[in-house]
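Source file: entry.txt. Holds: compact mmCIF, C-alpha atoms and all ligand atoms.
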```txt
# COMPACT_ATOMS: atom_id res chain seq x y z
CA MET A 1 -57.51 -48.49 -0.53
CA ARG A 2 -55.71 -47.31 -3.63
CA TYR A 3 -55.05 -43.93 -2.02
CA PHE A 4 -53.74 -45.64 1.08
CA LYS A 5 -51.27 -47.67 -1.02
CA LEU A 6 -50.12 -44.56 -2.82
CA SER A 7 -49.65 -42.68 0.44
CA PHE A 8 -47.77 -45.60 1.90
CA LEU A 9 -45.50 -45.67 -1.14
CA PHE A 10 -45.00 -41.93 -0.86
CA VAL A 11 -43.94 -42.24 2.78
CA LEU A 12 -41.53 -45.02 1.83
CA VAL A 13 -40.05 -42.86 -0.89
CA LEU A 14 -39.73 -39.96 1.55
CA LEU A 15 -38.06 -42.16 4.14
CA SER A 16 -35.58 -43.53 1.65
CA CYS A 17 -34.90 -40.06 0.32
CA SER A 18 -34.21 -38.69 3.75
CA LYS A 19 -32.01 -41.69 4.50
CA ASP A 20 -30.02 -41.13 1.32
CA LYS A 21 -29.83 -37.46 2.12
CA SER A 22 -28.47 -38.00 5.61
CA ASN A 23 -25.85 -40.40 4.26
CA SER A 24 -24.70 -38.04 1.57
CA LYS A 25 -24.71 -35.11 3.99
CA SER A 26 -22.39 -36.86 6.42
CA ASP A 27 -20.15 -37.75 3.48
CA GLN A 28 -20.18 -34.10 2.48
CA ASN A 29 -19.29 -33.08 6.02
CA ALA A 30 -16.35 -35.45 6.01
CA ASP A 31 -15.23 -34.01 2.69
CA LEU A 32 -15.67 -30.51 4.04
CA GLU A 33 -13.60 -31.25 7.13
CA GLN A 34 -10.81 -32.50 4.91
CA ASP A 35 -11.17 -29.40 2.78
CA ILE A 36 -10.85 -27.20 5.84
CA ILE A 37 -7.57 -28.85 6.74
CA ARG A 38 -6.29 -28.57 3.18
CA GLU A 39 -7.63 -25.13 2.28
CA PRO A 40 -9.75 -22.88 4.50
CA GLU A 41 -12.56 -20.99 2.85
CA PHE A 42 -12.16 -17.24 3.29
CA ASP A 43 -14.92 -14.70 2.97
CA PRO A 44 -14.90 -13.19 -0.52
CA LEU A 45 -12.77 -10.05 -0.75
CA GLY A 46 -15.02 -7.04 -0.42
CA ASN A 47 -17.53 -8.75 1.88
CA ASP A 48 -17.01 -5.89 4.37
CA ALA A 49 -18.07 -3.27 1.78
CA PRO A 50 -19.37 -0.61 1.45
CA TYR A 51 -16.32 1.35 2.57
CA ILE A 52 -17.36 4.52 4.32
CA TYR A 53 -15.20 7.51 5.18
CA SER A 54 -14.36 7.71 8.90
CA GLN A 55 -15.03 3.96 9.39
CA THR A 56 -12.24 1.41 9.99
CA TYR A 57 -11.99 -2.00 8.27
CA GLN A 58 -9.81 -4.73 9.72
CA GLY A 59 -9.70 -7.63 7.25
CA ARG A 60 -9.30 -11.20 8.48
CA ASN A 61 -7.89 -11.34 12.05
CA GLY A 62 -6.92 -7.68 11.87
CA TYR A 63 -3.81 -8.40 9.79
CA VAL A 64 -4.66 -5.51 7.45
CA THR A 65 -6.33 -2.21 8.35
CA TYR A 66 -8.09 0.08 5.89
CA TYR A 67 -9.13 3.65 6.60
CA PRO A 68 -11.11 5.10 3.66
CA GLY A 69 -10.22 8.73 2.95
CA ASN A 70 -11.64 11.64 0.97
CA ILE A 71 -8.70 13.15 -0.93
CA PRO A 72 -6.74 11.73 -3.93
CA ILE A 73 -3.92 10.35 -1.78
CA ILE A 74 -3.26 6.80 -0.53
CA LEU A 75 -0.73 6.04 2.20
CA SER A 76 0.33 2.37 2.07
CA ILE A 77 2.41 1.09 4.96
CA PRO A 78 3.82 -2.38 4.20
CA HIS A 79 6.73 -2.80 6.67
CA GLY A 80 5.64 -1.32 10.01
CA GLY A 81 3.64 -4.27 11.43
CA ASP A 82 4.44 -6.25 14.57
CA ILE A 83 1.83 -9.05 14.67
CA THR A 84 3.35 -12.57 14.67
CA PRO A 85 0.51 -15.15 14.56
CA GLU A 86 1.41 -18.82 14.95
CA GLU A 87 -0.64 -19.81 11.90
CA ILE A 88 1.95 -18.08 9.69
CA PRO A 89 5.48 -19.54 9.92
CA ASN A 90 8.40 -17.17 9.53
CA ARG A 91 9.43 -16.39 5.97
CA THR A 92 12.53 -18.34 5.03
CA TYR A 93 14.15 -15.93 2.55
CA GLY A 94 14.29 -12.20 1.85
CA ILE A 95 14.66 -9.15 4.08
CA THR A 96 12.72 -9.22 7.37
CA VAL A 97 13.66 -5.87 8.95
CA THR A 98 10.77 -3.80 10.32
CA ASP A 99 10.51 -0.13 9.28
CA SER A 100 10.08 1.19 12.84
CA ASN A 101 7.32 3.67 13.62
CA THR A 102 6.09 3.91 10.03
CA ILE A 103 2.52 2.98 11.05
CA GLU A 104 2.66 5.66 13.75
CA LEU A 105 4.00 8.10 11.16
CA GLY A 106 1.24 7.28 8.67
CA ILE A 107 -1.45 7.72 11.32
CA SER A 108 0.17 11.00 12.39
CA ILE A 109 0.09 12.26 8.77
CA SER A 110 -3.58 11.31 8.44
CA ASN A 111 -4.39 13.05 11.73
CA SER A 112 -2.52 16.19 10.63
CA PHE A 113 -4.57 16.39 7.43
CA PHE A 114 -7.66 16.07 9.57
CA SER A 115 -6.71 18.52 12.32
CA GLN A 116 -5.53 21.16 9.83
CA TYR A 117 -8.04 20.85 7.00
CA ASP A 118 -10.73 18.34 7.99
CA ILE A 119 -9.66 15.88 5.27
CA ARG A 120 -7.98 12.48 5.33
CA PRO A 121 -5.92 10.39 2.91
CA TYR A 122 -6.81 6.74 2.35
CA VAL A 123 -4.58 4.58 4.57
CA VAL A 124 -3.83 0.85 4.10
CA ILE A 125 -1.66 -0.85 6.73
CA ASN A 126 -0.09 -4.30 6.88
CA ASN A 127 -0.06 -5.12 10.61
CA LEU A 128 1.86 -8.39 10.16
CA LYS A 129 5.53 -8.31 11.04
CA ARG A 130 7.77 -8.52 8.02
CA THR A 131 8.96 -11.95 9.20
CA LYS A 132 5.40 -13.13 8.35
CA LEU A 133 4.51 -11.01 5.30
CA ASP A 134 6.49 -8.58 3.18
CA ALA A 135 3.76 -6.42 1.65
CA ASN A 136 6.17 -4.77 -0.78
CA ARG A 137 7.07 -7.90 -2.77
CA ASP A 138 5.18 -9.99 -5.32
CA ARG A 139 2.75 -12.52 -3.82
CA VAL A 140 5.18 -15.45 -3.94
CA ASP A 141 8.06 -13.66 -2.22
CA ALA A 142 5.68 -11.79 0.10
CA ALA A 143 3.75 -14.73 1.56
CA GLN A 144 6.04 -17.68 0.63
CA GLY A 145 3.14 -20.10 0.16
CA ASN A 146 1.30 -19.59 3.45
CA ILE A 147 -2.43 -19.24 2.78
CA TYR A 148 -3.07 -16.87 5.69
CA ALA A 149 -0.24 -14.60 4.63
CA GLU A 150 -1.54 -14.79 1.04
CA ARG A 151 -4.98 -13.76 2.29
CA ALA A 152 -3.48 -10.73 4.08
CA PHE A 153 -1.52 -9.87 0.91
CA ASP A 154 -4.73 -10.09 -1.14
CA GLU A 155 -6.62 -7.87 1.32
CA PHE A 156 -3.80 -5.30 1.39
CA HIS A 157 -3.96 -4.90 -2.39
CA PHE A 158 -7.73 -5.21 -2.56
CA TYR A 159 -8.15 -2.23 -0.23
CA ILE A 160 -5.57 -0.19 -2.16
CA GLY A 161 -7.41 -1.08 -5.38
CA VAL A 162 -10.74 0.01 -3.90
CA ALA A 163 -9.19 3.30 -2.77
CA ARG A 164 -7.54 3.88 -6.17
CA ASP A 165 -10.78 3.20 -8.06
CA GLU A 166 -12.74 5.57 -5.83
CA ILE A 167 -10.07 8.29 -6.18
CA ILE A 168 -10.00 8.00 -9.99
CA GLN A 169 -13.79 8.15 -10.07
CA ASN A 170 -13.89 11.27 -7.87
CA PHE A 171 -10.72 13.13 -8.89
CA ASN A 172 -9.66 11.56 -12.22
CA THR A 173 -6.13 10.96 -10.87
CA GLY A 174 -4.20 10.50 -7.66
CA LEU A 175 -1.02 9.47 -5.89
CA LEU A 176 0.05 6.62 -3.63
CA PHE A 177 2.84 7.19 -1.12
CA ASP A 178 4.41 3.87 -0.12
CA ILE A 179 5.82 4.62 3.33
CA HIS A 180 9.10 3.09 4.51
CA GLY A 181 12.05 3.84 6.77
CA HIS A 182 15.77 3.40 6.15
CA GLY A 183 18.29 2.65 8.88
CA ALA A 184 22.03 3.24 9.02
CA ASN A 185 23.92 2.48 5.82
CA PRO A 186 26.17 -0.62 5.84
CA ASP A 187 29.16 1.64 6.58
CA GLY A 188 27.35 3.06 9.65
CA TYR A 189 26.48 6.43 8.07
CA VAL A 190 22.99 7.64 8.97
CA ASP A 191 21.65 9.49 5.93
CA PRO A 192 19.37 12.30 7.15
CA ARG A 193 17.63 12.55 3.77
CA THR A 194 14.27 11.08 2.81
CA TRP A 195 14.82 8.95 -0.29
CA LEU A 196 12.10 9.48 -2.88
CA GLY A 197 11.67 6.50 -5.21
CA TYR A 198 10.33 7.02 -8.74
CA LEU A 199 11.65 3.68 -10.12
CA LEU A 200 14.75 5.44 -11.48
CA SER A 201 17.91 3.67 -10.32
CA ALA A 202 20.82 5.33 -8.55
CA ASP A 203 22.93 4.86 -11.69
CA GLU A 204 20.28 6.52 -13.86
CA LEU A 205 19.93 9.45 -11.45
CA ASP A 206 23.70 9.99 -11.47
CA ASN A 207 23.38 11.25 -15.07
CA SER A 208 22.76 14.86 -16.14
CA ASP A 209 19.29 16.37 -16.56
CA GLU A 210 19.84 16.39 -20.33
CA TYR A 211 20.71 12.71 -20.29
CA LEU A 212 17.62 11.81 -18.25
CA ASP A 213 15.31 13.83 -20.50
CA GLN A 214 16.76 12.42 -23.70
CA ASN A 215 17.29 8.79 -22.70
CA LEU A 216 14.59 7.84 -20.21
CA SER A 217 10.96 7.24 -21.11
CA ILE A 218 8.25 8.46 -18.76
CA ASN A 219 6.98 4.85 -18.98
CA GLU A 220 9.95 3.81 -16.85
CA THR A 221 8.89 6.00 -13.93
CA SER A 222 6.16 5.70 -11.32
CA LEU A 223 4.82 9.13 -12.36
CA TYR A 224 3.74 8.16 -15.87
CA SER A 225 0.31 9.74 -15.52
CA LEU A 226 1.64 12.96 -13.95
CA LEU A 227 4.42 13.33 -16.55
CA TYR A 228 2.09 12.53 -19.44
CA ASN A 229 -0.11 15.45 -18.41
CA SER A 230 2.68 17.86 -17.48
CA ASN A 231 4.62 20.39 -19.56
CA GLU A 232 7.67 19.90 -17.35
CA SER A 233 10.52 17.58 -18.26
CA LEU A 234 11.16 14.35 -16.38
CA SER A 235 14.30 15.74 -14.71
CA SER A 236 12.42 18.87 -13.61
CA VAL A 237 9.59 16.85 -12.07
CA ILE A 238 11.94 14.64 -10.05
CA ARG A 239 14.62 17.19 -8.99
CA GLY A 240 13.67 20.66 -10.26
CA GLN A 241 12.44 23.61 -8.19
CA ASN A 242 8.91 22.23 -7.88
CA SER A 243 9.86 18.59 -7.34
CA LEU A 244 8.67 16.85 -4.19
CA GLY A 245 12.26 16.60 -2.92
CA SER A 246 12.85 20.33 -3.37
CA ILE A 247 9.64 21.17 -1.49
CA PHE A 248 10.84 18.86 1.32
CA GLU A 249 14.09 20.87 1.44
CA ARG A 250 12.24 24.20 1.62
CA TYR A 251 10.35 22.90 4.65
CA GLY A 252 13.59 21.92 6.39
CA TYR A 253 13.61 18.19 5.56
CA GLU A 254 16.49 16.97 3.41
CA ALA A 255 15.50 14.79 0.46
CA LEU A 256 17.04 12.82 -2.41
CA PRO A 257 16.52 13.49 -5.29
CA SER A 258 15.98 17.26 -4.97
CA ASP A 259 17.59 20.49 -6.17
CA MET A 260 20.00 20.24 -3.23
CA SER A 261 20.73 16.49 -3.72
CA PRO A 262 20.10 15.73 -7.40
CA SER A 263 21.56 12.20 -7.33
CA PRO A 264 22.91 9.54 -4.93
CA GLU A 265 26.53 9.88 -6.19
CA GLY A 266 27.45 6.42 -4.96
CA MET A 267 25.49 6.66 -1.72
CA ARG A 268 22.95 4.03 -0.70
CA TYR A 269 19.51 4.77 -2.18
CA PHE A 270 16.26 2.86 -2.80
CA SER A 271 14.50 3.61 -6.08
CA GLY A 272 11.09 2.10 -5.30
CA GLY A 273 9.79 -1.44 -4.92
CA PHE A 274 6.86 -3.63 -5.87
CA ASN A 275 4.08 -1.31 -4.66
CA THR A 276 5.57 1.74 -6.36
CA TYR A 277 5.75 -0.24 -9.58
CA LEU A 278 2.29 -1.79 -9.21
CA TYR A 279 0.47 1.48 -8.58
CA GLY A 280 2.72 3.94 -10.39
CA ALA A 281 3.75 2.24 -13.61
CA ASP A 282 0.48 0.70 -14.79
CA ASN A 283 -0.61 2.80 -17.74
CA ASN A 284 -4.12 1.36 -17.56
CA TYR A 285 -4.75 3.59 -14.57
CA ASN A 286 -4.45 7.36 -14.36
CA PHE A 287 -2.48 6.98 -11.15
CA ASN A 288 0.98 7.61 -9.70
CA ALA A 289 3.16 6.32 -6.87
CA ILE A 290 6.23 7.48 -4.94
CA GLN A 291 8.19 5.41 -2.43
CA LEU A 292 9.13 7.42 0.65
CA GLU A 293 12.09 6.06 2.65
CA PHE A 294 12.20 8.16 5.78
CA PRO A 295 15.23 8.57 8.07
CA TYR A 296 14.73 7.71 11.75
CA PRO A 297 16.38 10.54 13.74
CA GLY A 298 14.37 13.74 13.87
CA LEU A 299 11.52 12.44 11.72
CA ARG A 300 9.99 9.16 12.93
CA ASP A 301 11.88 8.52 16.20
CA THR A 302 9.52 10.28 18.65
CA SER A 303 5.90 11.37 18.59
CA SER A 304 6.96 15.03 18.60
CA SER A 305 9.27 14.40 15.60
CA ARG A 306 6.46 12.62 13.79
CA ASN A 307 3.92 15.32 14.58
CA ALA A 308 6.23 18.13 13.44
CA PHE A 309 7.05 16.33 10.19
CA SER A 310 3.41 15.40 9.58
CA LEU A 311 2.29 19.02 9.82
CA ALA A 312 5.02 20.01 7.34
CA PHE A 313 4.17 17.07 5.05
CA VAL A 314 0.54 18.22 4.77
CA ASP A 315 1.73 21.57 3.39
CA ILE A 316 4.41 19.93 1.21
CA VAL A 317 1.82 17.69 -0.41
CA GLN A 318 -0.58 20.61 -0.88
CA GLU A 319 2.11 22.53 -2.83
CA TYR A 320 2.86 19.44 -4.90
CA PHE A 321 -0.79 18.84 -5.76
CA LEU A 322 -1.45 22.48 -6.64
CA ASN A 323 1.46 22.50 -9.04
CA TYR A 324 1.24 19.09 -10.70
CA PHE A 325 -2.41 18.08 -10.41
CA ASN A 326 -4.04 21.50 -10.25
CA ILE A 327 -5.90 20.19 -7.20
CA ASP A 328 -6.32 22.31 -4.07
CA LEU A 329 -6.54 19.63 -1.38
CA PHE A 330 -7.52 22.13 1.29
CA SER A 331 -10.66 23.21 -0.54
CA LEU A 332 -11.95 19.68 -1.18
ZN ZN B 401 10.43 -0.84 3.88
```
Can you turn what I pasted into C-alpha cells?
Ligand SMILES: [Zn+2]
Amino acid sequence: MRYFKLSFLFVLVLLSCSKDKSNSKSDQNADLEQDIIREPEFDPLGNDAPYIYSQTYQGRNGYVTYYPGNIPIILSIPHGGDITPEEIPNRTYGITVTDSNTIELGISISNSFFSQYDIRPYVVINNLKRTKLDANRDRVDAAQGNIYAERAFDEFHFYIGVARDEIIQNFNTGLLFDIHGHGANPDGYVDPRTWLGYLLSADELDNSDEYLDQNLSINETSLYSLLYNSNESLSSVIRGQNSLGSIFERYGYEALPSDMSPSPEGMRYFSGGFNTYLYGADNNYNFNAIQLEFPYPGLRDTSSSRNAFSLAFVDIVQEYFLNYFNIDLFSL
C-alpha cells in the first residue's frame, strides 16, 4: 500500500512536471519567434570548415564565395557583385557603382595560375551588388545597419582572415590584392593605367624619391612587412625598376606608380581603401596588401582581354614574389 501511494505521488509529480514543461516550452517558443523577428540566429562563422583546396564555400545565401588556394596570394573582390536580395534594402549613402567584370577578372587570374602552373591563389568574392553591401568600407558604412548585409560583411572578412592565417602558417608572409576597376575620370578621360594603391596619397606620391624616403614611415604603407624585410627604399619598392608597376609596364600594361609614371601629377588616382588598410597596415600580421584599380578597355572589357592580362599577371606576380619575398610561386 505504501509503495502504491509513493508510485501514485511519483506519477502526479511527473504529470505536473510535464505540464509545467509544456507551458514553459510554449512560452519559450513565443519568445523565440519574437527573437527571430528581431534578430535571426546565424550559424557561427566557420561552421563550414574545414576549408579544403579545390572546394568552394558559399556562405549564407551565396552572398560571399570563398575558394581556398595554395600559394601566398589572396584576391579579394569587393565591388563586382550583382545580387540584389529583397531582405537587404539599398544603402542610403556612399558610392554604389559596380566595378564591372572584376569577378570575371579574378576568376580568370585564378584559372591562369592553375592552367600555367597548377597552383591557385585564395579568392574571396562579395557577390552582393554594391547598392546592398560595399565590402571595401568599415562595417557601418558597408552594411548600414542591415543584419543580412552585416552577416555577408562578416563572412567576407572571416574567409580572408582564414586564408591569411593559413598563408602565414605555410609561407610566413603573403600578399592580398584587392581587385577594383576605375571608369572614366570626371572630365571624361579614360586613364589606361592600372592604379596601384599602397595607402600613399596622390599628394605624397607627387614628391621626389628623396622626400618619400626621408619623410614617410613604412608604417604608413600597406607593404609594412615587405619593406621591413627589404633592403630597398620605400620609393624603390613602389616605383623603382623592380616595383610592381614597373613590371606591369614591361609586360605591356601601363601602371601608376611605376618607373614610367612615378606619380599622379594632378590626375585622378585611388591610393587604397579599407581592405588595403585592414590587411596591409596591421603590424600584428606579417602580411601585405595592394589595391589594384584596373582600367576597363583592353584589360577587363572582354574575355579575351581578361585572359591575355591574366596570363601576363601570373608572370608579373612571379617576378614580384621572386624579388621581394624570395618565393618561387611556380615551384610551390
Ligand atoms: Zn572598387
Show me, as CSV, the residues of chain A having an atom within 9 Å of ligand ZN 401 (chain B), each with the closest atom pair and its distance in Å, using all atoms listed in the file.
```
residue,atom,partner,partner_atom,distance
A:Ile77,CA,B:ZN401,ZN,8.3
A:Pro78,CA,B:ZN401,ZN,6.8
A:His79,CA,B:ZN401,ZN,5.0
A:Gly80,CA,B:ZN401,ZN,7.8
A:Val97,CA,B:ZN401,ZN,7.8
A:Thr98,CA,B:ZN401,ZN,7.1
A:Asp99,CA,B:ZN401,ZN,5.4
A:Thr102,CA,B:ZN401,ZN,8.9
A:Asp134,CA,B:ZN401,ZN,8.7
A:Ala135,CA,B:ZN401,ZN,9.0
A:Asn136,CA,B:ZN401,ZN,7.4
A:Asp178,CA,B:ZN401,ZN,8.6
A:Ile179,CA,B:ZN401,ZN,7.2
A:His180,CA,B:ZN401,ZN,4.2
A:Gly181,CA,B:ZN401,ZN,5.7
A:His182,CA,B:ZN401,ZN,7.2
A:Gly273,CA,B:ZN401,ZN,8.8
A:Leu292,CA,B:ZN401,ZN,9.0
A:Glu293,CA,B:ZN401,ZN,7.2
```
Q. In Å to one decimal, how far is CA of Gly81 (chain A) from CA of Asn126 (chain A)?
A.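 So the answer is 5.9 Å.
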Please report as a Markdown table every residue of region 88-205 of chain A lying within 7 Å of region 300-308 of chain A, along with the nearest atom pair and their distance in Å (one decimal), using only C-alpha atoms.
```
| residue | atom | partner | partner_atom | distance |
| --- | --- | --- | --- | --- |
| A:Asn101 | CA | A:Arg300 | CA | 6.1 |
| A:Leu105 | CA | A:Arg306 | CA | 5.8 |
| A:Ser108 | CA | A:Asn307 | CA | 6.1 |
```
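Residues in contact with Leu311 (chain A) at 10 Å, where only C-alpha atoms are counted and same-chain residues fewer than 3 positions away are skipped, are listed as A:Ser108, A:Ile109, A:Ser110, A:Asn111, A:Ser112, A:Phe113, A:Ser115, A:Gln116, A:Arg306, A:Asn307, A:Ala308, A:Val314, A:Asp315, A:Ile316.
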Q: Give the answer as one residue: which of A:Phe171, A:Leu128, A:Asn283, A:Asn47 has the shortest atom-to-atom distance to Asn326 (chain A), using all atoms listed in the file?
A: A:Phe171
If I wrap all listed atoms of region 234-241 of chain A in a box with edges along x, y and z and add 3 Å on each side, what are its centre and edge lengths in Å to one decimal, as lines of an AutoDock Vina configuration file?
```
center_x = 12.1
center_y = 19.0
center_z = -12.3
size_x = 11.0
size_y = 15.3
size_z = 14.2
```
(Q) Under the rule that all atoms listed in the file are counted, which of A:Tyr198, A:Tyr51, A:Tyr296, A:Phe153 is the nearest residue to Thr221 (chain A)? (A) A:Tyr198
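Candidate residues A:Gly106, A:Thr92, A:Pro85, A:Val162 were compared for distance to Pro68 (chain A), and the nearest is A:Val162, using all atoms listed in the file.
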With C-alpha atoms as the atom set, please write region 46-132 of chain A from the structure just given, as a PDB file, in the first residue's frame.
```pdb
ATOM      1  CA  GLY A  46      33.457  28.904 -39.610  1.00  0.00           C
ATOM      2  CA  ASN A  47      30.693  26.285 -39.368  1.00  0.00           C
ATOM      3  CA  ASP A  48      31.507  25.281 -42.976  1.00  0.00           C
ATOM      4  CA  ALA A  49      35.149  24.496 -42.068  1.00  0.00           C
ATOM      5  CA  PRO A  50      37.477  22.765 -42.751  1.00  0.00           C
ATOM      6  CA  TYR A  51      38.402  24.728 -45.866  1.00  0.00           C
ATOM      7  CA  ILE A  52      39.896  22.457 -48.466  1.00  0.00           C
ATOM      8  CA  TYR A  53      41.800  23.440 -51.588  1.00  0.00           C
ATOM      9  CA  SER A  54      39.750  22.977 -54.778  1.00  0.00           C
ATOM     10  CA  GLN A  55      36.444  23.117 -52.837  1.00  0.00           C
ATOM     11  CA  THR A  56      34.047  26.096 -52.999  1.00  0.00           C
ATOM     12  CA  TYR A  57      32.342  27.700 -49.976  1.00  0.00           C
ATOM     13  CA  GLN A  58      29.289  29.896 -50.426  1.00  0.00           C
ATOM     14  CA  GLY A  59      28.438  31.479 -47.073  1.00  0.00           C
ATOM     15  CA  ARG A  60      24.834  32.321 -46.190  1.00  0.00           C
ATOM     16  CA  ASN A  61      22.604  32.517 -49.313  1.00  0.00           C
ATOM     17  CA  GLY A  62      25.653  32.578 -51.563  1.00  0.00           C
ATOM     18  CA  TYR A  63      26.336  36.259 -50.877  1.00  0.00           C
ATOM     19  CA  VAL A  64      30.048  35.531 -50.382  1.00  0.00           C
ATOM     20  CA  THR A  65      32.153  32.915 -52.176  1.00  0.00           C
ATOM     21  CA  TYR A  66      35.447  31.533 -50.906  1.00  0.00           C
ATOM     22  CA  TYR A  67      37.892  29.486 -52.959  1.00  0.00           C
ATOM     23  CA  PRO A  68      40.792  28.255 -50.786  1.00  0.00           C
ATOM     24  CA  GLY A  69      44.131  28.416 -52.599  1.00  0.00           C
ATOM     25  CA  ASN A  70      47.645  27.040 -52.150  1.00  0.00           C
ATOM     26  CA  ILE A  71      50.007  29.979 -52.750  1.00  0.00           C
ATOM     27  CA  PRO A  72      50.660  33.066 -50.546  1.00  0.00           C
ATOM     28  CA  ILE A  73      48.288  35.305 -52.509  1.00  0.00           C
ATOM     29  CA  ILE A  74      44.698  36.373 -51.762  1.00  0.00           C
ATOM     30  CA  LEU A  75      42.472  38.009 -54.372  1.00  0.00           C
ATOM     31  CA  SER A  76      39.605  39.906 -52.700  1.00  0.00           C
ATOM     32  CA  ILE A  77      36.867  41.210 -54.964  1.00  0.00           C
ATOM     33  CA  PRO A  78      34.541  43.580 -53.075  1.00  0.00           C
ATOM     34  CA  HIS A  79      32.754  45.560 -55.831  1.00  0.00           C
ATOM     35  CA  GLY A  80      31.940  43.147 -58.666  1.00  0.00           C
ATOM     36  CA  GLY A  81      28.715  41.575 -57.314  1.00  0.00           C
ATOM     37  CA  ASP A  82      25.255  41.793 -58.867  1.00  0.00           C
ATOM     38  CA  ILE A  83      22.938  40.038 -56.372  1.00  0.00           C
ATOM     39  CA  THR A  84      20.112  42.283 -55.064  1.00  0.00           C
ATOM     40  CA  PRO A  85      18.097  40.342 -52.442  1.00  0.00           C
ATOM     41  CA  GLU A  86      14.924  41.931 -51.093  1.00  0.00           C
ATOM     42  CA  GLU A  87      15.935  41.256 -47.485  1.00  0.00           C
ATOM     43  CA  ILE A  88      18.651  43.913 -47.828  1.00  0.00           C
ATOM     44  CA  PRO A  89      17.362  47.431 -48.610  1.00  0.00           C
ATOM     45  CA  ASN A  90      19.510  49.663 -50.786  1.00  0.00           C
ATOM     46  CA  ARG A  91      22.265  51.547 -48.991  1.00  0.00           C
ATOM     47  CA  THR A  92      21.278  55.161 -48.479  1.00  0.00           C
ATOM     48  CA  TYR A  93      24.694  56.850 -48.604  1.00  0.00           C
ATOM     49  CA  GLY A  94      28.109  56.301 -50.175  1.00  0.00           C
ATOM     50  CA  ILE A  95      29.238  55.192 -53.627  1.00  0.00           C
ATOM     51  CA  THR A  96      27.210  52.384 -55.241  1.00  0.00           C
ATOM     52  CA  VAL A  97      28.959  51.936 -58.610  1.00  0.00           C
ATOM     53  CA  THR A  98      29.794  48.345 -59.597  1.00  0.00           C
ATOM     54  CA  ASP A  99      33.362  47.552 -60.722  1.00  0.00           C
ATOM     55  CA  SER A 100      32.294  45.713 -63.891  1.00  0.00           C
ATOM     56  CA  ASN A 101      33.812  42.338 -64.718  1.00  0.00           C
ATOM     57  CA  THR A 102      36.134  42.290 -61.707  1.00  0.00           C
ATOM     58  CA  ILE A 103      34.759  38.918 -60.532  1.00  0.00           C
ATOM     59  CA  GLU A 104      35.304  37.539 -64.036  1.00  0.00           C
ATOM     60  CA  LEU A 105      38.818  39.003 -63.990  1.00  0.00           C
ATOM     61  CA  GLY A 106      39.626  37.457 -60.600  1.00  0.00           C
ATOM     62  CA  ILE A 107      38.384  34.042 -61.728  1.00  0.00           C
ATOM     63  CA  SER A 108      40.389  34.395 -64.939  1.00  0.00           C
ATOM     64  CA  ILE A 109      43.554  35.168 -62.931  1.00  0.00           C
ATOM     65  CA  SER A 110      42.970  32.139 -60.703  1.00  0.00           C
ATOM     66  CA  ASN A 111      42.406  29.930 -63.751  1.00  0.00           C
ATOM     67  CA  SER A 112      45.591  31.234 -65.401  1.00  0.00           C
ATOM     68  CA  PHE A 113      47.653  30.324 -62.333  1.00  0.00           C
ATOM     69  CA  PHE A 114      46.105  26.886 -62.497  1.00  0.00           C
ATOM     70  CA  SER A 115      46.438  26.293 -66.247  1.00  0.00           C
ATOM     71  CA  GLN A 116      50.045  27.526 -66.308  1.00  0.00           C
ATOM     72  CA  TYR A 117      51.473  26.200 -63.053  1.00  0.00           C
ATOM     73  CA  ASP A 118      48.854  24.031 -61.344  1.00  0.00           C
ATOM     74  CA  ILE A 119      48.500  26.468 -58.429  1.00  0.00           C
ATOM     75  CA  ARG A 120      45.738  28.807 -57.285  1.00  0.00           C
ATOM     76  CA  PRO A 121      45.511  31.976 -55.188  1.00  0.00           C
ATOM     77  CA  TYR A 122      42.913  32.212 -52.435  1.00  0.00           C
ATOM     78  CA  VAL A 123      39.867  34.081 -53.779  1.00  0.00           C
ATOM     79  CA  VAL A 124      37.157  35.818 -51.705  1.00  0.00           C
ATOM     80  CA  ILE A 125      34.238  37.383 -53.592  1.00  0.00           C
ATOM     81  CA  ASN A 126      31.384  39.605 -52.448  1.00  0.00           C
ATOM     82  CA  ASN A 127      28.502  38.646 -54.763  1.00  0.00           C
ATOM     83  CA  LEU A 128      26.153  41.347 -53.417  1.00  0.00           C
ATOM     84  CA  LYS A 129      25.707  44.406 -55.577  1.00  0.00           C
ATOM     85  CA  ARG A 130      27.358  47.476 -54.128  1.00  0.00           C
ATOM     86  CA  THR A 131      23.901  49.023 -53.607  1.00  0.00           C
ATOM     87  CA  LYS A 132      23.448  46.311 -50.915  1.00  0.00           C
TER      88      LYS A 132
END
```
